[in-house]
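Undergrad: Sharing a structure below in structure tokens format, with a few things to ask.
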Amino acid sequence: MSKYLDKAFDLQGRCAIVTGGAAGIGLACARLLTECGARVALLDRNPAVETVAAGLGSGHLGVALDVRQLDEIQAAVERVVAAFGQIDYLVNSAGVARLDKALDVDEESWDITLDINLKASFFAAQAVARHMRERGAGRIVNLASQAAVIGLDRHAAYCASKAAIVGLTKVLAMEWAEHGITVNAVSPTIVETELGKQAWAGEVGERAKQQIPVGRFAQPEEVASLVLYLLSDAAAMITGENVVIDGGYTIK
């Protein structure tokens, strides 16, 4: 590896918050960040998040919370700042998918989807950006989805929430660039997390793979690698973008 890349991806002394970090894409991002030397704080509703963080090695933090509650988000961010002294990166990975036909979506499912996928991402970014602004630097990556740029059956609330993430990302990138903060989004296709494997097992999964030019689903580590790039110094000139990682699904 070149000296430039060595430096760009050396995250020693850097600190990150990963929401939804106890499993799936969030955990894959956290693992990759720690491999590059960063300290990470995992925020997740799963009480096991503290154990998961401990499994990453010493010096990491796990915080159990309900990301739908603004006061809990703000308290968690302040706890991370107190523990780490700074926040360099935020990965908004917490998400939920409650699927139903548009005519059958109820208010509870709509509110839960928008609260977790959109509201929590915004207020986590807001809380973190206040600290990043003081330091004059920071990187934020929001997990969107291919559902942000196409229509999917039974995904009314989910598509709405993820399309909103892309719009939000552009606004935050515009407003916060002067403070040295970049904000980008990543939009994966179906990802083979443990939950993804269960949801897309069997014939339904095989049919879905046939719609993807590369013929397979994404791996959590592949998404995490893209997130790492956008957090790294190598991507310092990239902001306000939505990078699709879908094996060519949306080019058809």
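Here, A, B, ... name the chains of the structure tokens in the order displayed, residue numbers run from 1 inside each chain, and ligands are numbered from 1 in the same displayed order.
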Going by DSSP on the backbone, which bits of segment 65-208 of chain A are alpha helix (DSSP H)? Write them as a PyMOL selection string, please.
TA: chain A and resi 70-84+107-114+120-135+156-176+194-199+203-208
Undergrad: For Pro188 of chain A, find every residue with an atom within 9 Å (counting only C-alpha atoms), except residues of its own chain fewer than 5 positions away, and show them as a VMD selection string.
TA: chain A and resid 143 to 147 218 223 243 to 247
Undergrad: Write out the residues from the selection above, keeping C-alpha atoms, as a PDB file, in the first residue's frame.
TA:
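Now in out_7.pdb:
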ATOM      1  CA  LEU A 143     -27.251   4.336   5.505  1.00  0.00           C
ATOM      2  CA  ALA A 144     -29.968   4.787   2.903  1.00  0.00           C
ATOM      3  CA  SER A 145     -30.978   2.018   0.476  1.00  0.00           C
ATOM      4  CA  GLN A 146     -31.594   1.238  -3.165  1.00  0.00           C
ATOM      5  CA  ALA A 147     -35.191   1.796  -2.022  1.00  0.00           C
ATOM      6  CA  ALA A 218     -24.193  -7.692  -0.974  1.00  0.00           C
ATOM      7  CA  VAL A 223     -20.976  -2.072   2.481  1.00  0.00           C
ATOM      8  CA  VAL A 243     -23.385   6.068  -3.440  1.00  0.00           C
ATOM      9  CA  VAL A 244     -25.402   3.077  -4.623  1.00  0.00           C
ATOM     10  CA  ILE A 245     -23.935  -0.371  -3.954  1.00  0.00           C
ATOM     11  CA  ASP A 246     -26.421  -2.726  -5.565  1.00  0.00           C
ATOM     12  CA  GLY A 247     -24.630  -4.964  -8.053  1.00  0.00           C
TER      13      GLY A 247
END
Undergrad: Mind dumping a table of every segment 188-234 of chain A residue within 12 Å of segment 38-56 of chain A, with the nearest atom pair and its distance in Å to one decimal, using only C-alpha atoms, sorted by chain and rising number, as a tab-separated table?
TA:
residue	atom	partner	partner_atom	distance
A:Leu228	CA	A:Ala38	CA	11.0
A:Leu231	CA	A:Ala38	CA	11.3
A:Ser232	CA	A:Ala38	CA	11.2
Undergrad: Which residue, A:Val166, A:Ala201, A:Ile251, A:Ala28, has the smallest gap to Pro213 of chain A when you use only C-alpha atoms?
TA: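 Checking each candidate against Pro213 of chain A, we get A:Ile251 as the closest.
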Undergrad: Quote the spacing between atom CA of Thr113 of chain A and atom CA of Cys15 of chain A in Å to one decimal place.
TA: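 Computed distance, atom CA of Thr113 of chain A to atom CA of Cys15 of chain A, equals 28.3 Å.
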Undergrad: Could you please write out, as an mmCIF file with C-alpha atoms, in the first residue's frame, every residue of segment 44-162 of chain A that DSSP assigns to strand (DSSP E)?
TA:
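Resulting contents of out_14.cif:
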data_model
loop_
_atom_site.group_PDB
_atom_site.id
_atom_site.type_symbol
_atom_site.label_atom_id
_atom_site.label_comp_id
_atom_site.auth_asym_id
_atom_site.auth_seq_id
_atom_site.Cartn_x
_atom_site.Cartn_y
_atom_site.Cartn_z
ATOM 1 C CA ASP A 44 -28.217 0.121 19.750
ATOM 2 C CA LEU A 61 -18.102 1.572 24.249
ATOM 3 C CA GLY A 62 -21.605 0.136 23.974
ATOM 4 C CA VAL A 63 -24.678 2.219 24.784
ATOM 5 C CA ALA A 64 -28.186 0.760 24.882
ATOM 6 C CA TYR A 89 -17.130 9.938 12.597
ATOM 7 C CA LEU A 90 -20.803 9.067 12.688
ATOM 8 C CA VAL A 91 -22.316 6.096 10.884
ATOM 9 C CA ASN A 92 -26.116 6.159 10.978
ATOM 10 C CA GLY A 138 -15.934 15.431 10.845
ATOM 11 C CA ARG A 139 -17.395 12.747 8.621
ATOM 12 C CA ILE A 140 -20.971 11.470 8.613
ATOM 13 C CA VAL A 141 -22.304 8.547 6.581
ATOM 14 C CA ASN A 142 -26.019 7.778 6.506
ATOM 15 C CA LEU A 143 -27.251 4.336 5.505
#
